[in-house]
file target.pdb (PDB, C-alpha atoms)
ATOM      1  CA  MET A 105     -13.453 -38.556  76.518  1.00  0.00           C
ATOM      2  CA  ALA A 106     -12.392 -42.204  76.481  1.00  0.00           C
ATOM      3  CA  GLU A 107      -8.920 -43.070  75.282  1.00  0.00           C
ATOM      4  CA  THR A 108      -8.557 -44.100  71.669  1.00  0.00           C
ATOM      5  CA  THR A 109      -7.824 -47.795  71.958  1.00  0.00           C
ATOM      6  CA  GLY A 110      -7.568 -50.467  69.297  1.00  0.00           C
ATOM      7  CA  CYS A 111     -10.626 -50.641  67.117  1.00  0.00           C
ATOM      8  CA  ALA A 112     -12.981 -49.133  69.683  1.00  0.00           C
ATOM      9  CA  ARG A 113     -15.443 -46.787  68.021  1.00  0.00           C
ATOM     10  CA  VAL A 114     -14.923 -43.387  69.554  1.00  0.00           C
ATOM     11  CA  THR A 115     -17.082 -40.379  68.999  1.00  0.00           C
ATOM     12  CA  GLY A 116     -17.553 -36.751  69.855  1.00  0.00           C
ATOM     13  CA  ALA A 117     -19.506 -35.860  72.965  1.00  0.00           C
ATOM     14  CA  VAL A 118     -21.136 -32.717  74.208  1.00  0.00           C
ATOM     15  CA  THR A 119     -19.498 -31.579  77.436  1.00  0.00           C
ATOM     16  CA  GLY A 120     -21.603 -32.725  80.363  1.00  0.00           C
ATOM     17  CA  GLU A 121     -23.313 -35.454  78.343  1.00  0.00           C
ATOM     18  CA  GLN A 122     -22.180 -39.029  78.835  1.00  0.00           C
ATOM     19  CA  ALA A 123     -20.779 -40.526  75.638  1.00  0.00           C
ATOM     20  CA  PRO A 124     -21.277 -44.288  75.421  1.00  0.00           C
ATOM     21  CA  SER A 125     -18.114 -46.021  76.566  1.00  0.00           C
ATOM     22  CA  PRO A 126     -16.430 -47.814  73.688  1.00  0.00           C
ATOM     23  CA  THR A 127     -15.279 -50.577  76.031  1.00  0.00           C
ATOM     24  CA  ALA A 128     -18.609 -51.202  77.762  1.00  0.00           C
ATOM     25  CA  PRO A 129     -20.316 -54.437  76.704  1.00  0.00           C
ATOM     26  CA  PRO A 130     -23.569 -53.948  74.816  1.00  0.00           C
ATOM     27  CA  SER A 131     -26.407 -53.781  77.256  1.00  0.00           C
ATOM     28  CA  PRO A 132     -28.943 -56.631  76.830  1.00  0.00           C
ATOM     29  CA  ALA A 133     -31.797 -54.249  77.359  1.00  0.00           C
ATOM     30  CA  MET A 134     -30.905 -51.075  75.507  1.00  0.00           C
ATOM     31  CA  PRO A 135     -31.586 -48.175  77.817  1.00  0.00           C
ATOM     32  CA  GLU A 136     -33.578 -45.430  76.236  1.00  0.00           C
ATOM     33  CA  ARG A 137     -31.165 -43.037  74.650  1.00  0.00           C
ATOM     34  CA  LYS A 138     -31.281 -39.577  76.083  1.00  0.00           C
ATOM     35  CA  GLU A 139     -31.154 -37.155  73.188  1.00  0.00           C
ATOM     36  CA  PRO A 140     -29.279 -33.991  74.073  1.00  0.00           C
ATOM     37  CA  ALA A 141     -31.445 -31.013  73.256  1.00  0.00           C
ATOM     38  CA  MET A 142     -30.413 -29.059  70.204  1.00  0.00           C
ATOM     39  CA  SER A 143     -29.055 -25.898  71.721  1.00  0.00           C
ATOM     40  CA  ALA A 144     -27.238 -24.068  68.933  1.00  0.00           C
ATOM     41  CA  ARG A 145     -28.805 -20.658  68.331  1.00  0.00           C
ATOM     42  CA  VAL A 146     -27.314 -17.375  67.205  1.00  0.00           C
ATOM     43  CA  GLY A 147     -26.669 -15.156  70.191  1.00  0.00           C
ATOM     44  CA  GLN A 148     -26.393 -18.184  72.483  1.00  0.00           C
ATOM     45  CA  LYS A 149     -23.363 -20.065  73.820  1.00  0.00           C
ATOM     46  CA  ALA A 150     -21.987 -22.657  71.440  1.00  0.00           C
ATOM     47  CA  PRO A 151     -22.410 -26.140  72.953  1.00  0.00           C
ATOM     48  CA  ASP A 152     -19.018 -27.258  74.228  1.00  0.00           C
ATOM     49  CA  PHE A 153     -17.795 -30.658  73.071  1.00  0.00           C
ATOM     50  CA  THR A 154     -14.802 -32.946  72.929  1.00  0.00           C
ATOM     51  CA  ALA A 155     -14.105 -35.136  69.923  1.00  0.00           C
ATOM     52  CA  PRO A 156     -11.322 -37.324  68.570  1.00  0.00           C
ATOM     53  CA  SER A 157      -9.563 -35.575  65.730  1.00  0.00           C
ATOM     54  CA  TYR A 158      -6.892 -35.907  63.113  1.00  0.00           C
ATOM     55  CA  TYR A 159      -4.525 -32.954  63.415  1.00  0.00           C
ATOM     56  CA  LYS A 160      -1.251 -32.395  61.569  1.00  0.00           C
ATOM     57  CA  GLY A 161      -0.286 -36.042  61.281  1.00  0.00           C
ATOM     58  CA  GLY A 162      -1.459 -37.123  64.727  1.00  0.00           C
ATOM     59  CA  PHE A 163      -4.586 -38.118  66.586  1.00  0.00           C
ATOM     60  CA  THR A 164      -5.340 -35.309  69.034  1.00  0.00           C
ATOM     61  CA  PRO A 165      -8.686 -34.812  70.774  1.00  0.00           C
ATOM     62  CA  VAL A 166     -10.161 -31.374  70.208  1.00  0.00           C
ATOM     63  CA  LYS A 167     -12.229 -29.466  72.772  1.00  0.00           C
ATOM     64  CA  LEU A 168     -14.088 -26.354  71.692  1.00  0.00           C
ATOM     65  CA  SER A 169     -13.595 -24.516  74.995  1.00  0.00           C
ATOM     66  CA  ASP A 170      -9.811 -24.849  74.598  1.00  0.00           C
ATOM     67  CA  PHE A 171     -10.200 -22.107  71.987  1.00  0.00           C
ATOM     68  CA  ALA A 172     -11.940 -19.691  74.361  1.00  0.00           C
ATOM     69  CA  GLY A 173     -10.681 -16.178  73.613  1.00  0.00           C
ATOM     70  CA  LYS A 174     -10.325 -16.948  69.906  1.00  0.00           C
ATOM     71  CA  TRP A 175     -12.749 -16.777  67.020  1.00  0.00           C
ATOM     72  CA  VAL A 176     -13.720 -20.240  65.800  1.00  0.00           C
ATOM     73  CA  LEU A 177     -15.111 -21.280  62.429  1.00  0.00           C
ATOM     74  CA  MET A 178     -16.812 -24.657  62.805  1.00  0.00           C
ATOM     75  CA  CYS A 179     -17.644 -26.510  59.607  1.00  0.00           C
ATOM     76  CA  PHE A 180     -19.730 -29.665  59.557  1.00  0.00           C
ATOM     77  CA  TYR A 181     -19.846 -31.644  56.315  1.00  0.00           C
ATOM     78  CA  PRO A 182     -21.604 -34.818  55.161  1.00  0.00           C
ATOM     79  CA  GLY A 183     -18.599 -37.053  54.748  1.00  0.00           C
ATOM     80  CA  ASP A 184     -14.994 -37.682  53.766  1.00  0.00           C
ATOM     81  CA  PHE A 185     -14.455 -38.781  50.156  1.00  0.00           C
ATOM     82  CA  THR A 186     -17.728 -37.224  49.043  1.00  0.00           C
ATOM     83  CA  PHE A 187     -17.728 -34.904  46.075  1.00  0.00           C
ATOM     84  CA  VAL A 188     -18.516 -31.383  47.216  1.00  0.00           C
TER      85      VAL A 188
ATOM     86  CA  MET B 197     -12.703 -29.054  53.218  1.00  0.00           C
ATOM     87  CA  SER B 198      -9.822 -28.214  50.904  1.00  0.00           C
ATOM     88  CA  ALA B 199     -11.625 -24.915  50.174  1.00  0.00           C
ATOM     89  CA  VAL B 200     -11.475 -24.057  53.890  1.00  0.00           C
ATOM     90  CA  ALA B 201      -7.863 -25.216  54.141  1.00  0.00           C
ATOM     91  CA  ASP B 202      -6.969 -23.016  51.168  1.00  0.00           C
ATOM     92  CA  LYS B 203      -8.266 -19.953  53.052  1.00  0.00           C
ATOM     93  CA  TYR B 204      -6.690 -20.991  56.372  1.00  0.00           C
ATOM     94  CA  PRO B 205      -3.812 -18.454  56.158  1.00  0.00           C
ATOM     95  CA  VAL B 206      -6.379 -15.655  55.734  1.00  0.00           C
ATOM     96  CA  LEU B 207      -8.392 -17.003  58.675  1.00  0.00           C
ATOM     97  CA  GLN B 208      -5.256 -17.237  60.824  1.00  0.00           C
ATOM     98  CA  LYS B 209      -4.430 -13.587  60.102  1.00  0.00           C
ATOM     99  CA  LEU B 210      -7.887 -12.765  61.456  1.00  0.00           C
ATOM    100  CA  GLY B 211      -7.171 -14.827  64.591  1.00  0.00           C
ATOM    101  CA  VAL B 212      -9.676 -17.524  63.614  1.00  0.00           C
ATOM    102  CA  GLU B 213      -9.235 -21.201  64.468  1.00  0.00           C
ATOM    103  CA  VAL B 214     -11.018 -23.838  62.395  1.00  0.00           C
ATOM    104  CA  ILE B 215     -12.587 -27.152  63.393  1.00  0.00           C
ATOM    105  CA  SER B 216     -14.159 -29.422  60.793  1.00  0.00           C
ATOM    106  CA  VAL B 217     -16.597 -32.124  61.915  1.00  0.00           C
ATOM    107  CA  SER B 218     -18.076 -35.178  60.217  1.00  0.00           C
ATOM    108  CA  VAL B 219     -19.258 -38.644  61.208  1.00  0.00           C
ATOM    109  CA  ASP B 220     -16.143 -40.236  59.714  1.00  0.00           C
ATOM    110  CA  SER B 221     -13.539 -41.649  62.082  1.00  0.00           C
ATOM    111  CA  HIS B 222     -10.296 -39.767  62.665  1.00  0.00           C
ATOM    112  CA  PHE B 223      -8.575 -42.684  60.905  1.00  0.00           C
ATOM    113  CA  VAL B 224     -10.613 -42.026  57.746  1.00  0.00           C
ATOM    114  CA  HIS B 225      -9.872 -38.292  58.106  1.00  0.00           C
ATOM    115  CA  LYS B 226      -6.185 -39.190  57.927  1.00  0.00           C
ATOM    116  CA  MET B 227      -6.708 -41.308  54.793  1.00  0.00           C
ATOM    117  CA  TRP B 228      -8.761 -38.567  53.126  1.00  0.00           C
ATOM    118  CA  ASN B 229      -6.143 -35.967  54.015  1.00  0.00           C
ATOM    119  CA  ASP B 230      -3.189 -38.089  52.908  1.00  0.00           C
ATOM    120  CA  HIS B 231      -4.666 -39.501  49.703  1.00  0.00           C
ATOM    121  CA  GLU B 232      -6.848 -36.749  48.321  1.00  0.00           C
ATOM    122  CA  LEU B 233      -6.806 -33.399  50.147  1.00  0.00           C
ATOM    123  CA  THR B 234      -3.008 -33.081  50.037  1.00  0.00           C
ATOM    124  CA  LYS B 235      -3.395 -33.147  46.246  1.00  0.00           C
ATOM    125  CA  MET B 236      -5.845 -30.219  46.426  1.00  0.00           C
ATOM    126  CA  VAL B 237      -4.133 -28.009  48.987  1.00  0.00           C
ATOM    127  CA  LYS B 238      -0.399 -27.899  49.709  1.00  0.00           C
ATOM    128  CA  GLY B 239       0.492 -29.539  53.006  1.00  0.00           C
ATOM    129  CA  GLY B 240      -3.003 -30.947  53.539  1.00  0.00           C
ATOM    130  CA  ILE B 241      -5.490 -29.908  56.188  1.00  0.00           C
ATOM    131  CA  PRO B 242      -3.870 -27.588  58.768  1.00  0.00           C
ATOM    132  CA  PHE B 243      -6.694 -27.674  61.353  1.00  0.00           C
ATOM    133  CA  HIS B 244      -8.449 -30.202  63.589  1.00  0.00           C
ATOM    134  CA  MET B 245     -10.625 -32.668  61.666  1.00  0.00           C
ATOM    135  CA  ALA B 246     -12.981 -33.842  64.391  1.00  0.00           C
ATOM    136  CA  SER B 247     -14.799 -37.159  64.362  1.00  0.00           C
ATOM    137  CA  ASP B 248     -18.384 -37.407  65.586  1.00  0.00           C
ATOM    138  CA  GLN B 249     -19.375 -40.964  64.715  1.00  0.00           C
ATOM    139  CA  ALA B 250     -22.445 -41.058  66.960  1.00  0.00           C
ATOM    140  CA  GLY B 251     -23.609 -37.606  65.880  1.00  0.00           C
ATOM    141  CA  ASN B 252     -23.624 -36.228  69.433  1.00  0.00           C
ATOM    142  CA  VAL B 253     -22.030 -32.943  68.436  1.00  0.00           C
ATOM    143  CA  GLY B 254     -24.134 -32.697  65.284  1.00  0.00           C
ATOM    144  CA  ARG B 255     -27.339 -33.123  67.277  1.00  0.00           C
ATOM    145  CA  ALA B 256     -26.352 -30.348  69.671  1.00  0.00           C
ATOM    146  CA  TYR B 257     -25.711 -28.059  66.708  1.00  0.00           C
ATOM    147  CA  GLY B 258     -28.900 -29.010  64.852  1.00  0.00           C
ATOM    148  CA  VAL B 259     -27.134 -30.426  61.784  1.00  0.00           C
ATOM    149  CA  TRP B 260     -27.671 -34.161  62.421  1.00  0.00           C
ATOM    150  CA  ASP B 261     -29.775 -35.957  59.809  1.00  0.00           C
ATOM    151  CA  GLU B 262     -31.317 -38.981  61.486  1.00  0.00           C
ATOM    152  CA  ASN B 263     -32.406 -40.684  58.246  1.00  0.00           C
ATOM    153  CA  GLN B 264     -29.041 -40.570  56.517  1.00  0.00           C
ATOM    154  CA  GLY B 265     -26.843 -40.769  59.605  1.00  0.00           C
ATOM    155  CA  ILE B 266     -24.799 -37.799  58.451  1.00  0.00           C
ATOM    156  CA  GLU B 267     -24.277 -34.170  59.352  1.00  0.00           C
ATOM    157  CA  MET B 268     -25.521 -31.363  57.122  1.00  0.00           C
ATOM    158  CA  ARG B 269     -23.161 -28.698  55.836  1.00  0.00           C
ATOM    159  CA  GLY B 270     -23.391 -26.446  58.906  1.00  0.00           C
ATOM    160  CA  ARG B 271     -21.094 -23.476  59.383  1.00  0.00           C
ATOM    161  CA  PHE B 272     -20.883 -21.638  62.711  1.00  0.00           C
ATOM    162  CA  ILE B 273     -18.995 -18.453  63.562  1.00  0.00           C
ATOM    163  CA  ILE B 274     -18.189 -18.480  67.290  1.00  0.00           C
ATOM    164  CA  ASP B 275     -16.792 -15.371  68.995  1.00  0.00           C
ATOM    165  CA  PRO B 276     -14.068 -15.242  71.690  1.00  0.00           C
ATOM    166  CA  ASP B 277     -16.767 -15.458  74.403  1.00  0.00           C
ATOM    167  CA  GLY B 278     -18.021 -18.740  72.930  1.00  0.00           C
ATOM    168  CA  THR B 279     -21.201 -17.157  71.563  1.00  0.00           C
ATOM    169  CA  ILE B 280     -22.524 -18.224  68.164  1.00  0.00           C
ATOM    170  CA  GLN B 281     -22.709 -15.077  66.025  1.00  0.00           C
ATOM    171  CA  ALA B 282     -23.701 -16.702  62.729  1.00  0.00           C
ATOM    172  CA  LEU B 283     -24.810 -20.032  61.357  1.00  0.00           C
ATOM    173  CA  GLU B 284     -25.593 -21.402  57.934  1.00  0.00           C
ATOM    174  CA  ILE B 285     -26.792 -24.921  57.163  1.00  0.00           C
ATOM    175  CA  LEU B 286     -26.858 -26.341  53.630  1.00  0.00           C
ATOM    176  CA  THR B 287     -28.008 -29.736  52.408  1.00  0.00           C
ATOM    177  CA  PRO B 288     -25.141 -31.865  51.055  1.00  0.00           C
ATOM    178  CA  PRO B 289     -25.116 -31.144  47.290  1.00  0.00           C
ATOM    179  CA  VAL B 290     -24.260 -27.428  47.534  1.00  0.00           C
ATOM    180  CA  GLY B 291     -20.909 -26.212  48.799  1.00  0.00           C
ATOM    181  CA  ARG B 292     -20.086 -23.146  50.852  1.00  0.00           C
ATOM    182  CA  LYS B 293     -18.511 -19.886  49.672  1.00  0.00           C
ATOM    183  CA  LEU B 294     -15.724 -19.226  52.128  1.00  0.00           C
ATOM    184  CA  VAL B 295     -15.175 -15.587  51.211  1.00  0.00           C
ATOM    185  CA  GLU B 296     -18.646 -14.850  52.588  1.00  0.00           C
ATOM    186  CA  SER B 297     -17.767 -16.503  55.910  1.00  0.00           C
ATOM    187  CA  ILE B 298     -14.587 -14.415  56.018  1.00  0.00           C
ATOM    188  CA  ARG B 299     -16.557 -11.254  55.249  1.00  0.00           C
ATOM    189  CA  GLN B 300     -18.985 -12.016  58.065  1.00  0.00           C
ATOM    190  CA  ILE B 301     -16.125 -12.693  60.504  1.00  0.00           C
ATOM    191  CA  GLN B 302     -14.529  -9.344  59.571  1.00  0.00           C
ATOM    192  CA  ALA B 303     -17.880  -7.604  60.111  1.00  0.00           C
ATOM    193  CA  PHE B 304     -18.458  -9.261  63.498  1.00  0.00           C
ATOM    194  CA  GLN B 305     -14.907  -8.413  64.522  1.00  0.00           C
ATOM    195  CA  HIS B 306     -15.435  -4.778  63.505  1.00  0.00           C
ATOM    196  CA  VAL B 307     -18.690  -4.533  65.466  1.00  0.00           C
ATOM    197  CA  ARG B 308     -17.050  -6.153  68.499  1.00  0.00           C
ATOM    198  CA  ALA B 309     -14.057  -3.782  68.311  1.00  0.00           C
ATOM    199  CA  SER B 310     -16.463  -0.827  68.256  1.00  0.00           C
ATOM    200  CA  GLY B 311     -18.025  -2.061  71.476  1.00  0.00           C
ATOM    201  CA  GLY B 312     -21.354  -2.413  69.704  1.00  0.00           C
ATOM    202  CA  LYS B 313     -21.403   1.293  68.713  1.00  0.00           C
ATOM    203  CA  GLU B 314     -21.267   0.455  65.022  1.00  0.00           C
ATOM    204  CA  ALA B 315     -23.268  -1.837  62.768  1.00  0.00           C
ATOM    205  CA  THR B 316     -22.391  -3.013  59.285  1.00  0.00           C
ATOM    206  CA  PRO B 317     -24.897  -2.553  56.444  1.00  0.00           C
ATOM    207  CA  ALA B 318     -25.653  -5.159  53.777  1.00  0.00           C
ATOM    208  CA  GLY B 319     -22.609  -6.195  51.794  1.00  0.00           C
ATOM    209  CA  TRP B 320     -20.210  -4.359  54.108  1.00  0.00           C
ATOM    210  CA  GLU B 321     -16.541  -5.021  53.651  1.00  0.00           C
ATOM    211  CA  PRO B 322     -13.558  -3.604  55.548  1.00  0.00           C
ATOM    212  CA  GLY B 323     -12.996   0.023  54.536  1.00  0.00           C
ATOM    213  CA  LYS B 324     -16.636   0.667  53.674  1.00  0.00           C
ATOM    214  CA  PRO B 325     -18.742   2.992  55.853  1.00  0.00           C
ATOM    215  CA  THR B 326     -20.530   1.560  58.860  1.00  0.00           C
ATOM    216  CA  LEU B 327     -23.730   2.716  60.520  1.00  0.00           C
ATOM    217  CA  LYS B 328     -23.805   4.312  63.962  1.00  0.00           C
ATOM    218  CA  PRO B 329     -27.170   3.423  65.450  1.00  0.00           C
ATOM    219  CA  GLU B 330     -27.994   6.654  67.277  1.00  0.00           C
ATOM    220  CA  PRO B 331     -31.236   8.672  67.517  1.00  0.00           C
ATOM    221  CA  ASP B 332     -30.134  10.986  64.668  1.00  0.00           C
ATOM    222  CA  LEU B 333     -29.917   8.048  62.259  1.00  0.00           C
ATOM    223  CA  VAL B 334     -33.556   7.029  62.623  1.00  0.00           C
ATOM    224  CA  GLY B 335     -35.271   7.572  59.264  1.00  0.00           C
ATOM    225  CA  LYS B 336     -31.999   8.922  57.822  1.00  0.00           C
ATOM    226  CA  VAL B 337     -30.228   5.760  56.792  1.00  0.00           C
ATOM    227  CA  TRP B 338     -31.021   6.719  53.174  1.00  0.00           C
ATOM    228  CA  GLU B 339     -28.701   9.712  53.576  1.00  0.00           C
ATOM    229  CA  VAL B 340     -25.681   7.566  54.408  1.00  0.00           C
ATOM    230  CA  TRP B 341     -26.365   4.244  52.723  1.00  0.00           C
ATOM    231  CA  LYS B 342     -28.013   3.025  49.531  1.00  0.00           C
ATOM    232  CA  PRO B 343     -28.254  -0.486  48.036  1.00  0.00           C
ATOM    233  CA  ASP B 344     -25.825   0.443  45.247  1.00  0.00           C
ATOM    234  CA  MET B 345     -23.139   0.837  47.907  1.00  0.00           C
ATOM    235  CA  GLU B 346     -23.310  -2.896  48.592  1.00  0.00           C
TER     236      GLU B 346
END
call {"tool": "encode", "arguments": {"input": "target.pdb", "output": "structure tokens"}}
result
Amino acid sequence: MAETTGCARVTGAVTGEQAPSPTAPPSPAMPERKEPAMSARVGQKAPDFTAPSYYKGGFTPVKLSDFAGKWVLMCFYPGDFTFV
Amino acid sequence: MSAVADKYPVLQKLGVEVISVSVDSHFVHKMWNDHELTKMVKGGIPFHMASDQAGNVGRAYGVWDENQGIEMRGRFIIDPDGTIQALEILTPPVGRKLVESIRQIQAFQHVRASGGKEATPAGWEPGKPTLKPEPDLVGKVWEVWKPDME
């Protein structure tokens, strides 16, 4: 994952997929975006990923496979400062 | 998220780590934690609040909503081998019930500890009888389990 620098917009990325570089200039001709296939199914391996995160007062990237050997509860939600 | 944070000590006792994910930046996560969530749960959010602004992780997990540019309320239980044992995806207006996630984790942990020799019937909770899927049990589940035991 790219370093968190300045106001660059960083994002999570599935391991093995190329996340767009926050420092790369916008391409004049937008290449067709390759959509990673949805691969989450019960009984199947959870897609590994790395993402920037806020953790106990700091900004620490989180990587799912760093928790190998532990149970993990992953919770997606629509957005911060929403009501539910 | 404060509901998950509130149950974090219980989850930790079960050896469960938590990762929350939304399309908000990690900077906004900090603001939300500092200005609102700390008022709902003592000490704020104790786990990683991941940022997935481009929705790459959400797409891989099937929770990305292209029209709204957000991620649905998806909950995944992942075992120590990295296998997804359970998933639940809700649209935004309805919240989760964490005690059910905890119950499912306890059930999956029990099954795993039994080496797959036991299964947990509907509504199982720790201490309740399990099922042992062996030839003798075929057609005889009614003898050991009834819906009122749920």
call {"tool": "residues_near_point", "arguments": {"input": "target.pdb", "point": "(-25.3, 3.1, 53.1)", "cutoff": "10 Å", "atoms": "only C-alpha atoms", "output": "PyMOL selection string"}}
result
chain B and resi 316-320+324-327+337-346
call {"tool": "resolve_selection", "arguments": {"input": "target.pdb", "expression": "the ChimeraX specification (/B :<9) & /A", "output": "PyMOL selection string"}}
result
chain A and resi 113-118+121+123+139-166+168-169+171-185+187-188
call {"tool": "resolve_selection", "arguments": {"input": "target.pdb", "expression": "the PyMOL selection byres ((chain B and resi 313) around 10)", "output": "VMD selection string"}}
result
chain B and resid 306 to 312 314 to 315 326 to 330
call {"tool": "axis_aligned_box", "arguments": {"input": "target.pdb", "around": "region 340-343 of chain B", "padding_each_side": "4 Å", "output": "AutoDock Vina command-line options"}}
result
--center_x -27.0 --center_y 3.5 --center_z 51.2 --size_x 10.6 --size_y 16.1 --size_z 14.4
call {"tool": "atom_distance", "arguments": {"input": "target.pdb", "atom1": "CA of Val334 (chain B)", "atom2": "CA of Ala303 (chain B)"}}
result
21.6 Å
call {"tool": "atom_distance", "arguments": {"input": "target.pdb", "atom1": "CA of Val206 (chain B)", "atom2": "CA of Val295 (chain B)"}}
result
9.9 Å
call {"tool": "closest_residue", "arguments": {"input": "target.pdb", "among": "B:Lys336, B:Gln302, B:Lys209, B:Lys293", "to": "Pro322 (chain B)", "atoms": "all atoms listed in the file"}}
result
B:Gln302
call {"tool": "atom_distance", "arguments": {"input": "target.pdb", "atom1": "CA of Ala201 (chain B)", "atom2": "CA of Phe304 (chain B)"}}
result
21.3 Å
